[in-house]
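S.K.: Data: model-v3.txt, compact mmCIF, C-alpha atoms.
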```
# COMPACT_ATOMS: atom_id res chain seq x y z
CA MET A 1 -0.40 -10.53 9.42
CA PHE A 2 -2.66 -13.48 8.74
CA LEU A 3 -5.16 -13.16 11.60
CA HIS A 4 -8.03 -10.69 11.57
CA GLY A 5 -10.54 -9.38 14.09
CA GLY A 6 -13.61 -10.35 12.09
CA TRP A 7 -15.11 -10.55 8.62
CA LEU A 8 -15.35 -6.79 8.11
CA HIS A 9 -11.67 -6.46 9.04
CA ILE A 10 -10.48 -9.07 6.54
CA VAL A 11 -12.84 -7.85 3.77
CA GLY A 12 -11.55 -4.27 4.18
CA ASN A 13 -7.93 -5.39 4.07
CA MET A 14 -8.49 -7.62 1.05
CA TRP A 15 -10.30 -4.82 -0.77
CA PHE A 16 -7.31 -2.49 -0.40
CA LEU A 17 -4.92 -5.31 -1.33
CA HIS A 18 -6.96 -5.93 -4.47
CA LEU A 19 -7.07 -2.23 -5.38
CA PHE A 20 -3.38 -1.54 -5.01
CA GLY A 21 -1.64 -4.91 -4.90
CA SER A 22 -2.33 -6.20 -8.39
CA ARG A 23 -0.52 -3.36 -10.17
CA VAL A 24 2.40 -3.45 -7.74
CA GLU A 25 2.68 -7.22 -8.17
CA ASP A 26 2.66 -6.80 -11.96
CA GLN A 27 5.68 -4.52 -11.67
CA MET A 28 7.56 -6.76 -9.22
CA GLY A 29 6.67 -10.29 -10.21
CA HIS A 30 5.05 -12.88 -7.97
CA MET A 31 7.99 -13.96 -5.80
CA ARG A 32 9.41 -10.47 -5.31
CA PHE A 33 5.94 -9.23 -4.38
CA LEU A 34 5.56 -12.00 -1.80
CA VAL A 35 8.92 -11.09 -0.23
CA PHE A 36 8.01 -7.38 -0.41
CA TYR A 37 4.62 -8.00 1.25
CA LEU A 38 6.08 -10.10 4.06
CA LEU A 39 8.96 -7.67 4.74
CA SER A 40 6.56 -4.70 4.76
CA GLY A 41 4.34 -6.49 7.26
CA ILE A 42 7.26 -7.43 9.49
CA ALA A 43 8.61 -3.86 9.40
CA ALA A 44 5.13 -2.51 10.19
CA ASN A 45 4.80 -4.75 13.22
CA VAL A 46 8.31 -3.94 14.47
CA ILE A 47 7.60 -0.18 14.20
CA ASN A 48 4.22 -0.53 15.92
CA PHE A 49 5.72 -2.64 18.69
CA SER A 50 8.62 -0.19 19.14
CA VAL A 51 6.28 2.78 19.46
CA ASN A 52 3.69 1.00 21.65
CA ILE A 53 6.01 -1.21 23.69
CA HIS A 54 3.70 -1.23 26.74
CA SER A 55 0.47 -1.85 24.84
CA THR A 56 -1.60 -4.85 25.87
CA ILE A 57 -3.75 -4.73 22.71
CA PRO A 58 -2.91 -7.57 20.30
CA GLU A 59 -1.86 -6.71 16.76
CA LEU A 60 -4.05 -8.36 14.14
CA GLY A 61 -4.48 -7.85 10.44
CA ALA A 62 -2.62 -7.35 7.23
CA SER A 63 -2.99 -3.57 7.13
CA GLY A 64 0.69 -2.92 7.88
CA ALA A 65 1.78 -5.03 4.90
CA ILE A 66 -0.96 -3.52 2.73
CA SER A 67 0.24 -0.07 3.79
CA GLY A 68 3.61 -1.06 2.34
CA VAL A 69 1.87 -1.94 -0.91
CA MET A 70 0.19 1.49 -0.84
CA GLY A 71 3.59 3.14 -0.29
CA ALA A 72 4.95 1.37 -3.36
CA TYR A 73 1.82 2.25 -5.35
CA ILE A 74 2.08 5.99 -4.65
CA VAL A 75 5.69 5.96 -5.86
CA MET A 76 5.02 3.91 -9.01
CA PHE A 77 1.61 5.30 -10.01
CA PRO A 78 1.13 8.79 -8.50
CA ARG A 79 -1.09 9.98 -11.37
CA ALA A 80 -3.33 6.90 -11.45
CA ARG A 81 -6.98 7.73 -10.93
CA ILE A 82 -8.93 6.11 -8.10
CA LEU A 83 -12.73 6.06 -8.20
CA THR A 84 -13.83 7.26 -4.79
CA LEU A 85 -17.22 7.32 -3.08
CA ILE A 86 -17.95 10.55 -1.25
CA PRO A 87 -21.26 10.47 0.62
CA ILE A 88 -22.89 13.87 1.06
CA PHE A 89 -25.85 13.41 3.38
CA ILE A 90 -27.69 10.47 1.82
CA PHE A 91 -26.44 11.05 -1.72
CA PRO A 92 -23.46 9.04 -2.95
CA PHE A 93 -21.08 10.89 -5.27
CA PHE A 94 -18.35 9.13 -7.19
CA ILE A 95 -15.31 11.13 -8.23
CA GLU A 96 -11.89 10.20 -9.55
CA ILE A 97 -8.99 11.28 -7.36
CA SER A 98 -5.29 10.93 -8.15
CA ALA A 99 -3.52 8.16 -6.25
CA PHE A 100 -1.07 10.73 -4.91
CA PHE A 101 -3.88 12.71 -3.28
CA TYR A 102 -5.90 9.67 -2.16
CA ILE A 103 -3.03 7.75 -0.58
CA GLY A 104 -1.30 10.93 0.59
CA TYR A 105 -4.45 12.02 2.41
CA TRP A 106 -4.77 8.56 3.95
CA PHE A 107 -1.15 8.68 5.14
CA ILE A 108 -1.60 12.16 6.70
CA LEU A 109 -4.65 10.82 8.58
CA GLN A 110 -2.60 7.87 9.86
CA LEU A 111 0.23 10.17 10.93
CA PHE A 112 -2.16 12.57 12.67
CA SER A 113 -4.07 9.76 14.40
CA GLY A 114 -0.87 7.97 15.40
CA THR A 115 0.56 11.14 16.92
CA LEU A 116 -2.72 11.86 18.69
CA SER A 117 -2.70 8.33 20.13
CA PHE A 118 0.29 9.32 22.28
CA ALA A 119 -1.86 11.89 24.08
CA HIS A 120 -4.64 9.38 24.70
CA TYR A 121 -2.86 6.16 25.57
CA ASN A 122 -4.92 3.00 24.89
CA VAL A 123 -7.84 5.02 23.48
CA GLN A 124 -6.97 4.37 19.85
CA GLY A 125 -9.72 1.78 19.47
CA GLY A 126 -7.37 -1.03 18.53
CA VAL A 127 -6.18 0.60 15.30
CA ALA A 128 -2.44 0.14 14.79
CA TYR A 129 -1.72 3.55 13.25
CA TRP A 130 2.02 3.14 13.68
CA ALA A 131 1.92 -0.19 11.87
CA HIS A 132 0.26 1.64 8.96
CA ILE A 133 2.91 4.36 9.05
CA GLY A 134 5.78 1.88 9.41
CA GLY A 135 4.47 -0.35 6.63
CA PHE A 136 3.98 2.62 4.30
CA ILE A 137 7.54 3.86 4.82
CA ALA A 138 8.91 0.31 4.54
CA GLY A 139 7.10 -0.08 1.21
CA ILE A 140 8.73 3.06 -0.15
CA VAL A 141 12.17 1.97 1.09
CA LEU A 142 11.86 -1.64 -0.14
CA LEU A 143 10.49 -0.73 -3.57
CA PRO A 144 13.80 0.13 -5.29
CA ILE A 145 15.38 -3.01 -3.84
CA LEU A 146 12.67 -5.47 -4.92
CA ARG A 147 11.29 -3.85 -8.06
CA LYS A 148 11.95 -5.80 -11.23
CA ARG A 149 14.78 -4.31 -13.25
CA GLU A 150 13.89 -3.36 -16.79
CA ARG A 151 15.97 -5.27 -19.25
CA LEU A 152 17.42 -3.40 -22.14
CA TYR A 153 16.29 -5.02 -25.34
CA ARG A 154 16.92 -3.88 -28.86
CA LYS A 155 13.71 -2.29 -29.98
CA SER A 156 12.48 -3.06 -33.47
CA TYR A 157 10.65 -0.33 -35.26
CA PRO A 158 7.99 -0.67 -37.97
CA ASP A 159 10.43 0.75 -40.56
CA GLU A 160 12.90 -2.05 -39.87
CA ILE A 161 10.19 -4.68 -40.14
CA TYR A 162 8.99 -3.21 -43.44
CA HIS A 163 12.57 -3.13 -44.72
CA TYR A 164 13.08 -6.86 -44.04
CA ILE A 165 9.71 -7.84 -45.50
CA SER A 166 10.21 -5.89 -48.73
CA ARG A 167 13.51 -7.64 -49.58
```
Would you encode the structure as structure tokens?

M.R.:
Amino acid sequence: MFLHGGWLHIVGNMWFLHLFGSRVEDQMGHMRFLVFYLLSGIAANVINFSVNIHSTIPELGASGAISGVMGAYIVMFPRARILTLIPIFIFPFFIEISAFFYIGYWFILQLFSGTLSFAHYNVQGGVAYWAHIGGFIAGIVLLPILRKRERLYRKSYPDEIYHYISR
């Protein structure tokens, strides 16, 4: 989870971690997020290893753990808007897409590519699709366990405050 195949690999992973991780960490707290991230990464690697048990390609990168963060994000913030670049020919267009559609589309691509990788063994170009899938599912499963519980506090309302001040 801490080794990468080059600068572009680590920059891409850190970009996605920045986009989705900060809001998930805010909801979990620092220590719970760390445990969540590590468990998602471990689960991603176990799933990828289980599916590709005879693979000789090394597993590098944090994308399995970050996929877990994306799984948690889609559950917690499905209506969040994500600014997305869509290049049409040489013209860049920026549109806002819901997190549910953006991450859902990404997950369908991973599932399709992972399934297709069975037909073309060792032609997947070194992308651990099943680590992405496993991490994503692990993130959804781990979220209710590691999410910070909301504490029930007595809410004070402006009327109550006004009542005490006017005495």

S.K.: For Arg79 (chain A), which residue out of A:Phe101, A:Trp15, A:Phe93, A:Phe49 is the nearest one, using all atoms listed in the file?

M.R.: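 Of A:Phe101, A:Trp15, A:Phe93, A:Phe49, the one nearest Arg79 (chain A) is A:Phe101, counting all atoms listed in the file.
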
S.K.: In Å, with one decimal, what is the gap from CA of Gly135 (chain A) to CA of Gly71 (chain A)?

M.R.: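 Going from CA of Gly135 (chain A) over to CA of Gly71 (chain A) covers 7.8 Å.
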
S.K.: Could you tell me, as a ChimeraX atom specification, which residues have any atom at most 12 Å from (3.6, -0.1, 20.9), counting all atoms listed in the file?

M.R.: /A:44-59,114,117-118,121-122,124,126-131,134

S.K.: Counting only C-alpha atoms, which residue out of A:Gly29, A:Gly139, A:Pro144, A:Gly68 sits closest to Leu17 (chain A)?

M.R.: A:Gly68

S.K.: I need the residue nearest Gly64 (chain A) from this list: A:Ser22, A:Ile97, A:Leu39, A:Thr115. Use all atoms listed in the file for the distance.

M.R.: A:Leu39

S.K.: Set the distance at 8 Å and use only C-alpha atoms: which residues neighbour Ile82 (chain A) once local chain neighbours fewer than 6 positions away are removed? I'd like the list as a list in words.

M.R.: Glu96, Ile97, Ser98, Ala99 and Tyr102 of chain A

S.K.: Those residues you just picked out, can you put them in a file as a PDB file, in the frame of the given file with C-alpha atoms?

M.R.:
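Result file follows (result-v9.pdb):
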```
ATOM      1  CA  GLU A  96     -11.890  10.200  -9.550  1.00  0.00           C
ATOM      2  CA  ILE A  97      -8.990  11.280  -7.360  1.00  0.00           C
ATOM      3  CA  SER A  98      -5.290  10.930  -8.150  1.00  0.00           C
ATOM      4  CA  ALA A  99      -3.520   8.160  -6.250  1.00  0.00           C
ATOM      5  CA  TYR A 102      -5.900   9.670  -2.160  1.00  0.00           C
TER       6      TYR A 102
END
```

S.K.: Taking all atoms listed in the file into account, which of A:Leu111, A:Leu142, A:Leu83, A:Val75 comes nearest Phe36 (chain A)?

M.R.: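 Smallest distance to Phe36 (chain A) is found for A:Leu142.
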
S.K.: In Å to one decimal, how far is CA of His132 (chain A) from CA of Ser113 (chain A)?

M.R.: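 Separation between CA of Ser113 (chain A) and CA of His132 (chain A): 10.7 Å.
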
S.K.: Which residue out of A:Ile86, A:Gly12, A:Gln110, A:Ile145 has the minimum interatomic distance to Arg32 (chain A) when only C-alpha atoms are used?

M.R.: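 The shortest atom-to-atom distance to Arg32 (chain A) comes from A:Ile145.
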
S.K.: With all atoms of region 61-75 of chain A from the file as input, state the centre and edge lengths in Å to one decimal of the axis-aligned box that has 5 Å extra on each side, as lines of an AutoDock Vina configuration file.

M.R.:
```
center_x = 0.6
center_y = -0.9
center_z = 2.3
size_x = 20.2
size_y = 23.8
size_z = 26.3
```
